[in-house]
>>> print(open('final01.tsv').read())   # TSV, C-alpha atoms and all ligand atoms
chain	number	residue	atom	x	y	z
A	1	ALA	CA	-40.57	38.03	17.17
A	2	ARG	CA	-44.19	37.42	16.23
A	3	ILE	CA	-45.22	33.83	16.90
A	4	VAL	CA	-48.29	32.04	15.53
A	5	VAL	CA	-49.28	28.73	17.14
A	6	LEU	CA	-51.26	26.02	15.30
A	7	ILE	CA	-53.26	23.53	17.36
A	8	SER	CA	-55.77	20.73	16.90
A	9	GLY	CA	-56.43	19.66	20.47
A	10	SER	CA	-56.21	20.44	24.14
A	11	GLY	CA	-53.42	22.96	23.71
A	12	SER	CA	-51.38	22.01	26.77
A	13	ASN	CA	-48.22	22.90	24.81
A	14	LEU	CA	-49.78	26.23	23.87
A	15	GLN	CA	-50.44	26.75	27.58
A	16	ALA	CA	-46.78	26.03	28.31
A	17	LEU	CA	-45.79	28.73	25.81
A	18	VAL	CA	-48.25	31.17	27.41
A	19	ASP	CA	-46.95	30.36	30.89
A	20	ALA	CA	-43.28	30.48	29.91
A	21	GLY	CA	-43.23	34.27	29.88
A	22	GLU	CA	-39.65	34.72	28.72
A	23	LEU	CA	-40.02	33.54	25.12
A	24	GLY	CA	-38.42	36.58	23.55
A	25	GLY	CA	-41.44	36.79	21.27
A	26	ASP	CA	-45.16	37.47	21.33
A	27	LEU	CA	-47.93	34.94	20.74
A	28	VAL	CA	-49.97	36.93	18.23
A	29	LEU	CA	-52.43	34.32	16.92
A	30	VAL	CA	-53.61	30.77	17.61
A	31	VAL	CA	-55.16	28.86	14.71
A	32	SER	CA	-57.01	25.56	15.07
A	33	ASP	CA	-58.16	23.21	12.34
A	34	ARG	CA	-60.80	21.87	14.73
A	35	PRO	CA	-63.70	24.01	15.92
A	36	GLY	CA	-63.99	23.73	19.68
A	37	ALA	CA	-60.41	22.57	20.26
A	38	GLY	CA	-59.58	23.05	23.93
A	39	GLY	CA	-56.58	25.16	22.99
A	40	LEU	CA	-58.87	27.86	21.58
A	41	ALA	CA	-60.33	28.48	25.04
A	42	ARG	CA	-56.83	28.59	26.52
A	43	ALA	CA	-55.83	31.19	23.91
A	44	ALA	CA	-58.93	33.28	24.60
A	45	ARG	CA	-58.22	33.19	28.34
A	46	ALA	CA	-54.68	34.41	27.61
A	47	GLY	CA	-56.02	37.23	25.44
A	48	ILE	CA	-54.55	35.82	22.22
A	49	PRO	CA	-56.62	36.24	19.03
A	50	THR	CA	-57.85	32.95	17.55
A	51	ALA	CA	-59.00	31.62	14.21
A	52	THR	CA	-60.41	28.29	13.08
A	53	VAL	CA	-59.71	26.96	9.59
A	54	ALA	CA	-61.45	23.58	9.24
A	55	LEU	CA	-60.84	21.21	6.35
A	56	ALA	CA	-64.58	20.46	6.20
A	57	ASP	CA	-65.29	24.09	5.31
A	58	HIS	CA	-63.20	23.93	2.13
A	59	PRO	CA	-63.63	22.06	-1.16
A	60	ASP	CA	-60.27	20.29	-0.95
A	61	ARG	CA	-57.00	20.13	0.94
A	62	GLN	CA	-55.30	22.68	-1.25
A	63	ALA	CA	-58.05	25.24	-0.69
A	64	TRP	CA	-57.95	24.51	3.04
A	65	GLU	CA	-54.18	25.00	3.21
A	66	GLN	CA	-54.45	28.24	1.25
A	67	ALA	CA	-57.08	29.51	3.73
A	68	LEU	CA	-54.75	28.50	6.56
A	69	ILE	CA	-51.87	30.33	4.90
A	70	ASP	CA	-54.03	33.44	4.48
A	71	ALA	CA	-55.07	33.36	8.15
A	72	VAL	CA	-51.47	32.94	9.32
A	73	ALA	CA	-50.09	35.52	6.89
A	74	ALA	CA	-52.48	38.15	8.25
A	75	ALA	CA	-50.63	37.89	11.58
A	76	GLU	CA	-47.24	38.45	9.88
A	77	PRO	CA	-45.38	35.81	11.88
A	78	ASP	CA	-41.62	35.39	12.17
A	79	LEU	CA	-42.11	31.86	13.50
A	80	VAL	CA	-44.91	29.28	13.41
A	81	VAL	CA	-45.17	26.65	16.15
A	82	LEU	CA	-47.11	23.43	15.60
A	83	ALA	CA	-48.30	22.49	19.09
A	84	GLY	CA	-50.34	19.34	18.64
A	85	PHE	CA	-51.40	20.33	15.12
A	86	MET	CA	-52.50	17.07	13.52
A	87	LYS	CA	-52.52	17.94	9.82
A	88	ILE	CA	-49.70	17.68	7.29
A	89	LEU	CA	-48.53	20.93	5.68
A	90	THR	CA	-46.96	21.24	2.24
A	91	GLY	CA	-44.02	23.33	1.11
A	92	ALA	CA	-46.45	26.16	0.36
A	93	PHE	CA	-46.65	26.62	4.13
A	94	VAL	CA	-43.38	25.37	5.59
A	95	ASP	CA	-41.17	27.10	3.01
A	96	ARG	CA	-42.88	30.39	3.75
A	97	TRP	CA	-42.23	30.63	7.50
A	98	PRO	CA	-39.79	28.95	9.84
A	99	THR	CA	-42.05	26.30	11.36
A	100	VAL	CA	-41.28	24.08	14.34
A	101	ASN	CA	-43.07	21.04	15.75
A	102	VAL	CA	-43.02	19.12	19.02
A	103	HIS	CA	-43.26	15.36	18.71
A	104	PRO	CA	-43.47	12.62	21.37
A	105	SER	CA	-40.57	10.42	20.28
A	106	LEU	CA	-36.85	10.60	19.64
A	107	LEU	CA	-37.10	11.24	15.89
A	108	PRO	CA	-36.37	9.68	13.45
A	109	ALA	CA	-37.95	6.85	15.49
A	110	PHE	CA	-41.74	6.71	15.53
A	111	PRO	CA	-43.00	9.52	13.31
A	112	GLY	CA	-46.77	9.82	13.02
A	113	ALA	CA	-49.74	10.20	15.31
A	114	ARG	CA	-49.22	7.06	17.42
A	115	ALA	CA	-45.66	7.51	18.63
A	116	PRO	CA	-46.13	6.62	22.34
A	117	GLU	CA	-48.20	3.55	21.43
A	118	GLU	CA	-45.59	2.37	18.92
A	119	ALA	CA	-42.76	2.86	21.42
A	120	ILE	CA	-44.59	0.54	23.82
A	121	ALA	CA	-45.39	-1.99	21.07
A	122	TRP	CA	-41.70	-2.13	20.09
A	123	GLY	CA	-40.67	-2.57	23.70
A	124	VAL	CA	-38.07	0.18	23.51
A	125	LYS	CA	-36.59	1.10	26.87
A	126	VAL	CA	-36.15	4.77	26.07
A	127	SER	CA	-38.19	7.14	23.94
A	128	GLY	CA	-38.47	10.88	24.33
A	129	VAL	CA	-39.44	14.23	22.91
A	130	THR	CA	-38.18	16.11	19.86
A	131	VAL	CA	-38.54	19.74	18.84
A	132	HIS	CA	-37.66	20.16	15.17
A	133	TYR	CA	-38.01	22.43	12.20
A	134	VAL	CA	-40.70	21.16	9.87
A	135	ASP	CA	-40.20	20.26	6.24
A	136	GLU	CA	-42.64	18.66	3.81
A	137	LYS	CA	-42.26	15.16	5.25
A	138	VAL	CA	-44.18	14.05	8.32
A	139	ASP	CA	-42.39	14.66	11.64
A	140	HIS	CA	-39.21	15.40	9.72
A	141	GLY	CA	-36.70	18.23	9.50
A	142	PRO	CA	-33.64	19.60	11.33
A	143	ILE	CA	-33.70	18.71	15.03
A	144	ILE	CA	-33.47	21.58	17.51
A	145	ALA	CA	-33.83	19.82	20.87
A	146	GLN	CA	-34.37	16.32	22.20
A	147	GLU	CA	-34.79	14.78	25.62
A	148	ALA	CA	-35.05	11.12	26.55
A	149	VAL	CA	-38.02	9.68	28.45
A	150	PRO	CA	-37.42	6.15	29.83
A	151	LEU	CA	-40.27	3.67	29.65
A	152	GLU	CA	-41.49	2.18	32.90
A	153	ASP	CA	-42.90	-1.25	33.68
A	154	GLY	CA	-46.65	-1.24	33.17
A	155	ASP	CA	-46.64	1.87	30.99
A	156	THR	CA	-49.66	2.38	28.76
A	157	SER	CA	-49.56	4.83	25.88
A	158	ASP	CA	-51.44	7.24	28.17
A	159	THR	CA	-49.01	7.06	31.10
A	160	LEU	CA	-46.01	7.28	28.77
A	161	HIS	CA	-47.53	10.16	26.82
A	162	ALA	CA	-48.28	12.03	30.06
A	163	ARG	CA	-44.59	11.86	31.09
A	164	MET	CA	-43.58	12.90	27.56
A	165	GLN	CA	-45.94	15.87	27.70
A	166	ALA	CA	-44.39	17.06	30.95
A	167	VAL	CA	-41.07	17.14	29.08
A	168	GLU	CA	-42.66	18.81	26.02
A	169	HIS	CA	-43.99	21.61	28.21
A	170	ARG	CA	-40.43	22.50	29.21
A	171	LEU	CA	-38.56	21.66	25.98
A	172	LEU	CA	-40.83	23.51	23.53
A	173	PRO	CA	-40.68	26.90	25.29
A	174	GLU	CA	-36.90	26.48	25.71
A	175	ALA	CA	-36.47	25.80	22.00
A	176	VAL	CA	-38.73	28.70	20.98
A	177	ALA	CA	-36.77	31.03	23.26
A	178	LEU	CA	-33.48	29.87	21.69
A	179	ILE	CA	-34.89	30.52	18.21
A	180	CYS	CA	-36.17	33.96	19.20
A	181	ALA	CA	-32.73	34.75	20.64
A	182	GLY	CA	-31.20	33.90	17.25
A	183	ARG	CA	-29.28	31.01	18.75
A	184	VAL	CA	-30.52	28.26	16.40
A	185	THR	CA	-29.02	28.07	12.93
A	186	ILE	CA	-29.24	24.92	10.85
A	187	ASP	CA	-27.63	24.68	7.42
A	188	GLY	CA	-28.18	28.41	7.05
A	189	ARG	CA	-31.81	27.62	6.41
A	190	HIS	CA	-33.57	29.22	9.29
A	191	THR	CA	-31.28	31.81	10.69
A	192	ARG	CA	-31.90	34.70	12.96
A	193	ILE	CA	-35.43	35.98	13.28
A	194	GLN	CA	-36.23	39.39	14.69
A	201	LIG	C1	-48.39	16.51	22.05
A	201	LIG	O1	-48.04	15.38	22.76
A	201	LIG	C2	-47.54	16.65	20.81
A	201	LIG	O2	-46.28	16.10	20.94
A	201	LIG	C3	-48.32	15.90	19.79
A	201	LIG	O3	-49.65	16.17	20.09
A	201	LIG	C4	-49.79	16.43	21.48
A	201	LIG	C5	-50.55	17.71	21.65
A	201	LIG	O4	-50.96	17.97	22.94
A	201	LIG	N1	-47.87	16.30	18.47
A	201	LIG	P1	-51.53	19.39	23.36
A	201	LIG	O5	-52.67	19.75	22.42
A	201	LIG	O6	-50.42	20.41	23.31
A	201	LIG	O7	-52.05	19.20	24.77
>>> encode(input="final01.tsv", output="structure tokens", more="lines below")
Ligand code: GRF
Amino acid sequence: ARIVVLISGSGSNLQALVDAGELGGDLVLVVSDRPGAGGLARAARAGIPTATVALADHPDRQAWEQALIDAVAAAEPDLVVLAGFMKILTGAFVDRWPTVNVHPSLLPAFPGARAPEEAIAWGVKVSGVTVHYVDEKVDHGPIIAQEAVPLEDGDTSDTLHARMQAVEHRLLPEAVALICAGRVTIDGRHTRIQ
């Protein structure tokens, strides 16, 4: 399978995919919406081609998403992985390719960009990590894998997020490998990929 990874930040989940080795697919392109995102350097070090498609370089969101679609389409992916990609995609993107996301909560709790912080504010005792197919809603779509992360006394959003990321770095490659092996089928929507 040909895998394209979208990032906005440090790319530690991208690194986990690079380091996993046995994905059953090839990382053929990394696209960032932020110039200078740390993940771009990680991709370059791993010998993966990169592209940057920044919202600021386009007249509006629709034009930006179309440019993103064009960049991704050129790599002919079977699967797109959102690994810390912080922009919302419409059906024009997510209906075109099977797209998965990793999120630092047990969805449907705490969608959005502040999930670890909100888990602490609510005082929940357990949160976690979710890998899911992406639909047009934010942090929404069929769930592929989840793992609980208990909160600890004195946790800040940073300490909690760090423990969640350690789980993400294992769960995301596992889920991608299952997809590439054709072992994830949900409602007949995203079946076997080659
Ligand atoms: C991860 O915690 C992910 O769950 C969230 O954004 C973070 C990205 O981190 N969506 P990184 O760029 O992979 O280091």
>>> closest_residue(input="final01.tsv", among="A:Val80, A:Ala44, A:Ala162, A:Ala54", to="ligand LIG 201 (chain A)", atoms="all atoms listed in the file")
A:Ala162
>>> atom_distance(input="final01.tsv", atom1="CA of Val124 (chain A)", atom2="CA of Thr99 (chain A)")
29.1 Å
>>> residues_around(input="final01.tsv", residues="region 63-69 of chain A", least_positions_apart="3", cutoff="9 Å", atoms="all atoms listed in the file", output="list in words")
Val31, Asp33, Thr52, Val53, Ala54, Leu55, Ala56, Asp57, His58, Pro59, Asp60, Val72, Ala73, Ala74, Leu89, Thr90, Ala92 and Phe93 of chain A
>>> residues_near_ligand(input="final01.tsv", ligand="ligand LIG 201 (chain A)", cutoff="8 Å", atoms="all atoms listed in the file", output="tab-separated table (two decimals) with C-alpha atoms, in the coordinates of the input")
chain	number	residue	atom	x	y	z
A	7	ILE	CA	-53.26	23.53	17.36
A	8	SER	CA	-55.77	20.73	16.90
A	9	GLY	CA	-56.43	19.66	20.47
A	10	SER	CA	-56.21	20.44	24.14
A	11	GLY	CA	-53.42	22.96	23.71
A	12	SER	CA	-51.38	22.01	26.77
A	13	ASN	CA	-48.22	22.90	24.81
A	14	LEU	CA	-49.78	26.23	23.87
A	15	GLN	CA	-50.44	26.75	27.58
A	38	GLY	CA	-59.58	23.05	23.93
A	39	GLY	CA	-56.58	25.16	22.99
A	82	LEU	CA	-47.11	23.43	15.60
A	83	ALA	CA	-48.30	22.49	19.09
A	84	GLY	CA	-50.34	19.34	18.64
A	85	PHE	CA	-51.40	20.33	15.12
A	86	MET	CA	-52.50	17.07	13.52
A	101	ASN	CA	-43.07	21.04	15.75
A	102	VAL	CA	-43.02	19.12	19.02
A	103	HIS	CA	-43.26	15.36	18.71
A	104	PRO	CA	-43.47	12.62	21.37
A	113	ALA	CA	-49.74	10.20	15.31
A	129	VAL	CA	-39.44	14.23	22.91
A	161	HIS	CA	-47.53	10.16	26.82
A	164	MET	CA	-43.58	12.90	27.56
A	165	GLN	CA	-45.94	15.87	27.70
A	168	GLU	CA	-42.66	18.81	26.02
>>> atom_distance(input="final01.tsv", atom1="CA of Val184 (chain A)", atom2="CA of Lys87 (chain A)")
25.2 Å
>>> residues_around(input="final01.tsv", residues="region 139-144 of chain A", least_positions_apart="2", cutoff="7 Å", atoms="all atoms listed in the file", output="list in words")
Pro111, Gly112, Val131, His132, Tyr133, Val134, Asp135, Lys137, Ala175 and Ile186 of chain A
>>> atom_distance(input="final01.tsv", atom1="CA of Ala16 (chain A)", atom2="CA of Ala121 (chain A)")
29.0 Å
>>> decode(input="final01.tsv", residues="region 67-104 of chain A", atoms="N, CA and C atoms", output="compact mmCIF listing (two decimals), in the first residue's frame")
# COMPACT_ATOMS: atom_id res chain seq x y z
N ALA A 67 -5.60 22.40 -3.38
CA ALA A 67 -4.14 22.27 -3.57
C ALA A 67 -3.60 21.08 -2.78
N LEU A 68 -4.16 20.89 -1.58
CA LEU A 68 -3.76 19.74 -0.75
C LEU A 68 -4.14 18.44 -1.46
N ILE A 69 -5.37 18.40 -1.97
CA ILE A 69 -5.83 17.21 -2.69
C ILE A 69 -4.93 16.92 -3.89
N ASP A 70 -4.56 17.97 -4.62
CA ASP A 70 -3.70 17.78 -5.79
C ASP A 70 -2.34 17.22 -5.38
N ALA A 71 -1.78 17.76 -4.28
CA ALA A 71 -0.47 17.28 -3.82
C ALA A 71 -0.54 15.82 -3.39
N VAL A 72 -1.61 15.47 -2.68
CA VAL A 72 -1.76 14.09 -2.20
C VAL A 72 -2.04 13.15 -3.38
N ALA A 73 -2.90 13.59 -4.30
CA ALA A 73 -3.28 12.74 -5.43
C ALA A 73 -2.06 12.37 -6.27
N ALA A 74 -1.10 13.29 -6.37
CA ALA A 74 0.10 13.03 -7.18
C ALA A 74 0.86 11.81 -6.64
N ALA A 75 0.71 11.53 -5.37
CA ALA A 75 1.41 10.38 -4.77
C ALA A 75 0.59 9.10 -4.86
N GLU A 76 -0.61 9.17 -5.40
CA GLU A 76 -1.48 8.01 -5.61
C GLU A 76 -1.59 7.11 -4.37
N PRO A 77 -2.06 7.69 -3.27
CA PRO A 77 -2.11 6.89 -2.03
C PRO A 77 -3.26 5.89 -2.00
N ASP A 78 -3.05 4.82 -1.25
CA ASP A 78 -4.14 3.90 -0.90
C ASP A 78 -4.73 4.27 0.45
N LEU A 79 -3.92 4.99 1.25
CA LEU A 79 -4.32 5.34 2.62
C LEU A 79 -3.66 6.67 2.98
N VAL A 80 -4.42 7.53 3.65
CA VAL A 80 -3.87 8.78 4.17
C VAL A 80 -3.93 8.73 5.69
N VAL A 81 -2.84 9.10 6.34
CA VAL A 81 -2.78 9.11 7.81
C VAL A 81 -2.61 10.55 8.27
N LEU A 82 -3.53 11.00 9.12
CA LEU A 82 -3.40 12.31 9.75
C LEU A 82 -2.65 12.10 11.07
N ALA A 83 -1.42 12.59 11.12
CA ALA A 83 -0.57 12.38 12.30
C ALA A 83 -0.26 13.75 12.89
N GLY A 84 -1.21 14.25 13.69
CA GLY A 84 -1.05 15.59 14.24
C GLY A 84 -1.31 16.66 13.19
N PHE A 85 -2.23 16.36 12.27
CA PHE A 85 -2.63 17.35 11.26
C PHE A 85 -3.78 18.15 11.84
N MET A 86 -3.61 19.47 11.96
CA MET A 86 -4.51 20.28 12.79
C MET A 86 -5.57 21.04 12.00
N LYS A 87 -5.80 20.64 10.74
CA LYS A 87 -6.85 21.31 9.98
C LYS A 87 -7.98 20.32 9.66
N ILE A 88 -9.18 20.90 9.50
CA ILE A 88 -10.35 20.07 9.22
C ILE A 88 -10.47 19.87 7.71
N LEU A 89 -10.73 18.63 7.31
CA LEU A 89 -10.87 18.29 5.89
C LEU A 89 -12.34 18.05 5.57
N THR A 90 -12.74 18.40 4.35
CA THR A 90 -14.13 18.18 3.95
C THR A 90 -14.25 16.83 3.24
N GLY A 91 -15.49 16.52 2.84
CA GLY A 91 -15.74 15.29 2.11
C GLY A 91 -14.94 15.18 0.82
N ALA A 92 -14.60 16.34 0.24
CA ALA A 92 -13.81 16.32 -1.00
C ALA A 92 -12.52 15.53 -0.79
N PHE A 93 -11.99 15.61 0.42
CA PHE A 93 -10.76 14.87 0.74
C PHE A 93 -11.09 13.48 1.29
N VAL A 94 -11.87 13.45 2.37
CA VAL A 94 -12.00 12.19 3.12
C VAL A 94 -12.86 11.15 2.40
N ASP A 95 -13.66 11.58 1.42
CA ASP A 95 -14.41 10.59 0.64
C ASP A 95 -13.58 10.07 -0.53
N ARG A 96 -12.44 10.69 -0.75
CA ARG A 96 -11.61 10.28 -1.88
C ARG A 96 -10.64 9.16 -1.50
N TRP A 97 -10.06 9.25 -0.29
CA TRP A 97 -9.12 8.23 0.17
C TRP A 97 -9.51 7.78 1.57
N PRO A 98 -9.31 6.50 1.87
CA PRO A 98 -9.44 6.09 3.27
C PRO A 98 -8.45 6.92 4.08
N THR A 99 -8.96 7.59 5.11
CA THR A 99 -8.14 8.52 5.89
C THR A 99 -8.32 8.18 7.36
N VAL A 100 -7.20 8.03 8.07
CA VAL A 100 -7.28 7.74 9.50
C VAL A 100 -6.59 8.84 10.28
N ASN A 101 -6.99 8.96 11.55
CA ASN A 101 -6.48 10.00 12.44
C ASN A 101 -6.15 9.39 13.78
N VAL A 102 -5.18 9.96 14.47
CA VAL A 102 -4.90 9.56 15.85
C VAL A 102 -5.23 10.74 16.75
N HIS A 103 -5.98 10.45 17.82
CA HIS A 103 -6.50 11.52 18.67
C HIS A 103 -6.28 11.18 20.15
N PRO A 104 -5.85 12.17 20.95
CA PRO A 104 -5.53 11.89 22.35
C PRO A 104 -6.72 11.95 23.30
